[in-house]
Amino acid sequence: MHRILLIDDDEQLGPPLTTYFQRFELELVQALRPSEGLSRLAQGGFDAAILDVMLPEMDGFELCRSIRRTSDIPLIMLTARGEVMDRVVGLELGADDYLPKPFEPRELVARLQTVLRRMKTTLPAEPPGSPDVLEFEGLRIDPARRSVQCLGQEVELTGTEFDLLHLLAREAGRVLSRDDILNDLRGHEAELYTRAVDIVVSRLRKKLEPLDAIKTLRNAGYTLALRRVVA
């Protein structure tokens with residue numbers, strides 16, 4: 001059973017969600033204050049976290065920033081009234097997804113299930129030359145371990161960042177539009193929020209520096225701008 005941490009100061013929200021989540025084999029634990037949430041995360045044992053934007057002590061954006069300094073745990077942010085800037089800022093800080101309040105519990109569960117599927121696994125390393133490993137000049141992507149090496153150094157990516165990079169690598173040489181990327185990562189029924197792709201690409205580029213890995217083609221989309229290494 002996956003354990004989910006909800007950081008939200010609404011005491012009335014946790015109990016009904018906890019009961020609802022159990023139907024999907026999800027264990028929900030609520031922290032009412034960011035300090036309590038950070039303490040619980042530091043103790044480990046959680047597979048994902050849900051952060052409200054409006055919180056005491058610090059807002060959800062600062063909380064997201066604090067978590068991302070030490071952890072790549074999947075994060076979903078609850079944004080008041082679905083404000084576009086809330087979504088943009090949350091994604092820029094490293095959130096994997098967002099959901100506007102008020103929300104349907106079933107949609108929250110669906111989004112959780114999506115990010116949980118992207119969780120980093122700890123499978124044994126694949127031997128060099130494994131057919132599943134994608135190698136480019138300066139970049140090595142191991143899908144089995146969900147690991148990335150840039151210029152020989154391990155790079156920590158969130159689940160969404162890894163999946164986007166893996167998609168570009170699998171389709172190396174092809175230009176993928178924002179809608180192509182969203183449909184692959186989130187499903188055809190997901191709300192198409194193309195700005196989210198730009199934000200995740202921006203985060204990826206920073207993490208892969210000084211490698212110039214992703215090229216933007218105006219009005220077309222993105223492509224991996226690296227030469228494939230042939231064994």
# chains A, B, ... in the order shown; residues from 1 in each chain; ligands from 1

call {"tool": "residues_around", "arguments": {"residues": "Ile181 (chain A)", "least_positions_apart": "3", "cutoff": "9 Å", "atoms": "only C-alpha atoms", "output": "ChimeraX atom specification"}}
result
/A:164,167-168,176-178,184-186,197

call {"tool": "residues_around", "arguments": {"residues": "Cys150 (chain A)", "least_positions_apart": "2", "cutoff": "10 Å", "atoms": "only C-alpha atoms", "output": "number ranges by chain"}}
result
A: 136-141, 148, 152-155, 207-211, 213

call {"tool": "write_last_selection", "arguments": {"atoms": "all heavy atoms", "output": "short mmCIF file (atom, residue, chain, number, x, y, z; two decimals), in the first residue's frame"}}
result
data_model
loop_
_atom_site.label_atom_id
_atom_site.label_comp_id
_atom_site.auth_asym_id
_atom_site.auth_seq_id
_atom_site.Cartn_x
_atom_site.Cartn_y
_atom_site.Cartn_z
N PHE A 136 23.80 8.84 -25.60
CA PHE A 136 24.07 9.92 -26.52
C PHE A 136 25.38 10.58 -26.11
O PHE A 136 25.94 10.25 -25.06
CB PHE A 136 22.93 10.95 -26.50
CG PHE A 136 21.59 10.37 -26.85
CD1 PHE A 136 20.81 9.73 -25.88
CD2 PHE A 136 21.10 10.45 -28.15
CE1 PHE A 136 19.58 9.19 -26.21
CE2 PHE A 136 19.87 9.91 -28.47
CZ PHE A 136 19.11 9.28 -27.52
N GLU A 137 25.86 11.49 -26.91
CA GLU A 137 27.10 12.18 -26.57
C GLU A 137 26.91 12.99 -25.29
O GLU A 137 26.20 13.99 -25.28
CB GLU A 137 27.54 13.10 -27.72
CG GLU A 137 27.98 12.33 -28.96
CD GLU A 137 28.47 13.24 -30.06
OE1 GLU A 137 28.14 14.45 -30.02
OE2 GLU A 137 29.17 12.76 -30.96
N GLY A 138 27.50 12.53 -24.19
CA GLY A 138 27.42 13.21 -22.91
C GLY A 138 26.22 12.84 -22.07
O GLY A 138 26.08 13.33 -20.94
N LEU A 139 25.34 11.97 -22.57
CA LEU A 139 24.10 11.66 -21.85
C LEU A 139 23.82 10.16 -21.90
O LEU A 139 23.91 9.53 -22.96
CB LEU A 139 22.93 12.41 -22.47
CG LEU A 139 21.57 12.29 -21.78
CD1 LEU A 139 21.59 13.00 -20.42
CD2 LEU A 139 20.48 12.89 -22.66
N ARG A 140 23.50 9.60 -20.72
CA ARG A 140 23.16 8.17 -20.63
C ARG A 140 21.87 8.03 -19.84
O ARG A 140 21.76 8.52 -18.72
CB ARG A 140 24.28 7.39 -19.93
CG ARG A 140 24.08 5.87 -19.92
CD ARG A 140 25.29 5.19 -19.28
NE ARG A 140 25.26 3.76 -19.45
CZ ARG A 140 24.65 2.90 -18.62
NH1 ARG A 140 24.02 3.38 -17.55
NH2 ARG A 140 24.66 1.61 -18.85
N ILE A 141 20.89 7.36 -20.43
CA ILE A 141 19.57 7.19 -19.81
C ILE A 141 19.30 5.71 -19.62
O ILE A 141 19.30 4.94 -20.59
CB ILE A 141 18.47 7.82 -20.69
CG1 ILE A 141 18.77 9.30 -20.94
CG2 ILE A 141 17.09 7.66 -20.04
CD1 ILE A 141 17.89 9.93 -22.01
N VAL A 148 19.81 8.90 -14.85
CA VAL A 148 20.38 9.70 -15.93
C VAL A 148 21.77 10.15 -15.52
O VAL A 148 21.98 10.61 -14.40
CB VAL A 148 19.50 10.93 -16.23
CG1 VAL A 148 20.19 11.85 -17.23
CG2 VAL A 148 18.13 10.50 -16.75
N GLY A 152 28.95 12.04 -17.30
CA GLY A 152 29.48 11.10 -16.32
C GLY A 152 28.98 11.30 -14.90
O GLY A 152 29.30 10.50 -14.02
N GLN A 153 28.17 12.34 -14.67
CA GLN A 153 27.66 12.63 -13.33
C GLN A 153 26.17 12.29 -13.24
O GLN A 153 25.41 12.60 -14.16
CB GLN A 153 27.87 14.11 -12.98
CG GLN A 153 29.32 14.54 -12.97
CD GLN A 153 30.13 13.83 -11.90
OE1 GLN A 153 29.70 13.71 -10.75
NE2 GLN A 153 31.31 13.36 -12.28
N GLU A 154 25.79 11.64 -12.14
CA GLU A 154 24.38 11.31 -11.93
C GLU A 154 23.56 12.59 -11.76
O GLU A 154 23.97 13.52 -11.07
CB GLU A 154 24.23 10.44 -10.67
CG GLU A 154 22.92 9.70 -10.58
CD GLU A 154 22.92 8.41 -11.39
OE1 GLU A 154 24.00 7.97 -11.83
OE2 GLU A 154 21.82 7.86 -11.57
N VAL A 155 22.41 12.64 -12.40
CA VAL A 155 21.52 13.79 -12.33
C VAL A 155 20.22 13.36 -11.68
O VAL A 155 19.60 12.38 -12.09
CB VAL A 155 21.22 14.36 -13.74
CG1 VAL A 155 20.29 15.56 -13.63
CG2 VAL A 155 22.51 14.73 -14.45
N LYS A 207 19.17 21.33 -15.33
CA LYS A 207 19.80 20.18 -14.67
C LYS A 207 20.83 19.49 -15.57
O LYS A 207 21.73 18.81 -15.07
CB LYS A 207 18.73 19.18 -14.24
CG LYS A 207 17.86 19.69 -13.09
CD LYS A 207 16.93 18.60 -12.56
CE LYS A 207 16.14 19.10 -11.35
NZ LYS A 207 15.27 18.05 -10.76
N LEU A 208 20.67 19.66 -16.90
CA LEU A 208 21.59 18.99 -17.83
C LEU A 208 22.73 19.91 -18.27
O LEU A 208 23.56 19.50 -19.09
CB LEU A 208 20.82 18.50 -19.06
CG LEU A 208 19.76 17.43 -18.81
CD1 LEU A 208 19.03 17.07 -20.10
CD2 LEU A 208 20.38 16.17 -18.19
N GLU A 209 22.78 21.13 -17.76
CA GLU A 209 23.88 22.03 -18.10
C GLU A 209 25.21 21.44 -17.63
O GLU A 209 25.25 20.75 -16.60
CB GLU A 209 23.66 23.41 -17.43
CG GLU A 209 22.54 24.20 -18.08
CD GLU A 209 22.30 25.53 -17.36
OE1 GLU A 209 22.85 25.71 -16.25
OE2 GLU A 209 21.57 26.37 -17.90
N PRO A 210 26.31 21.65 -18.37
CA PRO A 210 26.46 22.53 -19.54
C PRO A 210 26.07 21.86 -20.86
O PRO A 210 26.29 22.44 -21.92
CB PRO A 210 27.95 22.87 -19.52
CG PRO A 210 28.58 21.63 -18.97
CD PRO A 210 27.62 21.11 -17.93
N LEU A 211 25.55 20.65 -20.81
CA LEU A 211 25.13 19.98 -22.04
C LEU A 211 23.93 20.70 -22.64
O LEU A 211 22.95 20.96 -21.96
CB LEU A 211 24.76 18.53 -21.71
CG LEU A 211 24.87 17.48 -22.81
CD1 LEU A 211 26.30 17.38 -23.32
CD2 LEU A 211 24.37 16.15 -22.31
N ALA A 213 21.18 19.92 -24.46
CA ALA A 213 20.56 18.67 -24.86
C ALA A 213 19.25 18.83 -25.62
O ALA A 213 18.92 18.00 -26.47
CB ALA A 213 20.32 17.80 -23.62
#

call {"tool": "residues_around", "arguments": {"residues": "Val109 (chain A)", "least_positions_apart": "6", "cutoff": "12 Å", "atoms": "only C-alpha atoms", "output": "PDB file with N, CA and C atoms, in the first residue's frame"}}
result
ATOM      1  N   HIS A   2       0.625   2.154  -0.937  1.00  0.00           N
ATOM      2  CA  HIS A   2       1.382   3.396  -0.993  1.00  0.00           C
ATOM      3  C   HIS A   2       0.956   4.333   0.140  1.00  0.00           C
ATOM      4  N   ILE A   4       0.762   8.209   1.396  1.00  0.00           N
ATOM      5  CA  ILE A   4       0.695   9.562   0.854  1.00  0.00           C
ATOM      6  C   ILE A   4       0.622  10.554   2.002  1.00  0.00           C
ATOM      7  N   LEU A  17     -10.939  12.075   3.078  1.00  0.00           N
ATOM      8  CA  LEU A  17     -10.012  11.641   2.036  1.00  0.00           C
ATOM      9  C   LEU A  17      -9.312  10.344   2.427  1.00  0.00           C
ATOM     10  N   THR A  18      -8.971  10.233   3.707  1.00  0.00           N
ATOM     11  CA  THR A  18      -8.314   9.014   4.191  1.00  0.00           C
ATOM     12  C   THR A  18      -9.200   7.799   3.929  1.00  0.00           C
ATOM     13  N   TYR A  20     -11.640   7.560   1.722  1.00  0.00           N
ATOM     14  CA  TYR A  20     -11.800   7.370   0.287  1.00  0.00           C
ATOM     15  C   TYR A  20     -10.567   6.719  -0.330  1.00  0.00           C
ATOM     16  N   PHE A  21      -9.380   7.160   0.087  1.00  0.00           N
ATOM     17  CA  PHE A  21      -8.129   6.634  -0.466  1.00  0.00           C
ATOM     18  C   PHE A  21      -7.972   5.138  -0.196  1.00  0.00           C
ATOM     19  N   GLN A  22      -8.508   4.678   0.927  1.00  0.00           N
ATOM     20  CA  GLN A  22      -8.363   3.265   1.277  1.00  0.00           C
ATOM     21  C   GLN A  22      -8.999   2.358   0.228  1.00  0.00           C
ATOM     22  N   ARG A  23     -10.000   2.865  -0.478  1.00  0.00           N
ATOM     23  CA  ARG A  23     -10.648   2.075  -1.524  1.00  0.00           C
ATOM     24  C   ARG A  23      -9.682   1.775  -2.667  1.00  0.00           C
ATOM     25  N   PHE A  24      -8.627   2.584  -2.776  1.00  0.00           N
ATOM     26  CA  PHE A  24      -7.658   2.422  -3.856  1.00  0.00           C
ATOM     27  C   PHE A  24      -6.302   1.959  -3.328  1.00  0.00           C
ATOM     28  N   GLU A  25      -6.308   1.396  -2.126  1.00  0.00           N
ATOM     29  CA  GLU A  25      -5.089   0.892  -1.487  1.00  0.00           C
ATOM     30  C   GLU A  25      -4.045   1.995  -1.348  1.00  0.00           C
ATOM     31  N   LEU A  26      -4.519   3.156  -0.920  1.00  0.00           N
ATOM     32  CA  LEU A  26      -3.644   4.290  -0.625  1.00  0.00           C
ATOM     33  C   LEU A  26      -3.839   4.690   0.833  1.00  0.00           C
ATOM     34  N   GLU A  27      -2.759   4.789   1.568  1.00  0.00           N
ATOM     35  CA  GLU A  27      -2.821   5.216   2.970  1.00  0.00           C
ATOM     36  C   GLU A  27      -2.482   6.700   3.042  1.00  0.00           C
ATOM     37  N   LEU A  28      -3.424   7.490   3.537  1.00  0.00           N
ATOM     38  CA  LEU A  28      -3.229   8.933   3.614  1.00  0.00           C
ATOM     39  C   LEU A  28      -2.936   9.362   5.047  1.00  0.00           C
ATOM     40  N   ALA A  48       4.528   9.717  -1.945  1.00  0.00           N
ATOM     41  CA  ALA A  48       4.149  10.949  -2.634  1.00  0.00           C
ATOM     42  C   ALA A  48       3.601  11.912  -1.600  1.00  0.00           C
ATOM     43  N   ILE A  50       1.014  15.617  -1.120  1.00  0.00           N
ATOM     44  CA  ILE A  50       0.059  16.577  -1.659  1.00  0.00           C
ATOM     45  C   ILE A  50       0.203  17.854  -0.840  1.00  0.00           C
ATOM     46  N   ILE A  76       2.134  16.740  -5.697  1.00  0.00           N
ATOM     47  CA  ILE A  76       0.967  17.328  -6.330  1.00  0.00           C
ATOM     48  C   ILE A  76       0.570  18.540  -5.509  1.00  0.00           C
ATOM     49  N   LEU A  99      -3.701  20.463  -9.024  1.00  0.00           N
ATOM     50  CA  LEU A  99      -5.142  20.237  -9.069  1.00  0.00           C
ATOM     51  C   LEU A  99      -5.818  21.427  -8.418  1.00  0.00           C
ATOM     52  N   PHE A 103     -11.903  20.167  -5.644  1.00  0.00           N
ATOM     53  CA  PHE A 103     -11.582  19.073  -6.552  1.00  0.00           C
ATOM     54  C   PHE A 103     -12.435  17.853  -6.219  1.00  0.00           C
ATOM     55  N   VAL A 115       1.388   9.850 -11.039  1.00  0.00           N
ATOM     56  CA  VAL A 115       2.742  10.200 -10.592  1.00  0.00           C
ATOM     57  C   VAL A 115       3.410   9.028  -9.880  1.00  0.00           C
ATOM     58  N   LEU A 116       2.632   8.175  -9.234  1.00  0.00           N
ATOM     59  CA  LEU A 116       3.219   7.024  -8.565  1.00  0.00           C
ATOM     60  C   LEU A 116       3.812   6.042  -9.563  1.00  0.00           C
TER      61      LEU A 116
END

call {"tool": "residues_around", "arguments": {"residues": "Leu55 (chain A)", "least_positions_apart": "4", "cutoff": "8 Å", "atoms": "only C-alpha atoms", "output": "VMD selection string"}}
result
chain A and resid 8 to 9 33 to 34 59 to 60

call {"tool": "write_last_selection", "arguments": {"atoms": "C-alpha atoms", "output": "PDB file, in the first residue's frame"}}
result
ATOM      1  CA  ASP A   8      -3.067  20.965   4.434  1.00  0.00           C
ATOM      2  CA  ASP A   9      -4.310  22.959   7.418  1.00  0.00           C
ATOM      3  CA  ARG A  33       1.481  22.524   9.341  1.00  0.00           C
ATOM      4  CA  PRO A  34       4.474  22.630   6.971  1.00  0.00           C
ATOM      5  CA  ASP A  59       3.046  28.860   1.681  1.00  0.00           C
ATOM      6  CA  GLY A  60       2.963  25.769  -0.499  1.00  0.00           C
TER       7      GLY A  60
END

call {"tool": "select_by_dssp", "arguments": {"residues": "region 40-228 of chain A", "states": "strand (DSSP E or B)", "output": "PyMOL selection string"}}
result
chain A and resi 48-52+75-80+97-101+134-136+139-142+147-150+153-155+176+214-217+221-224+228
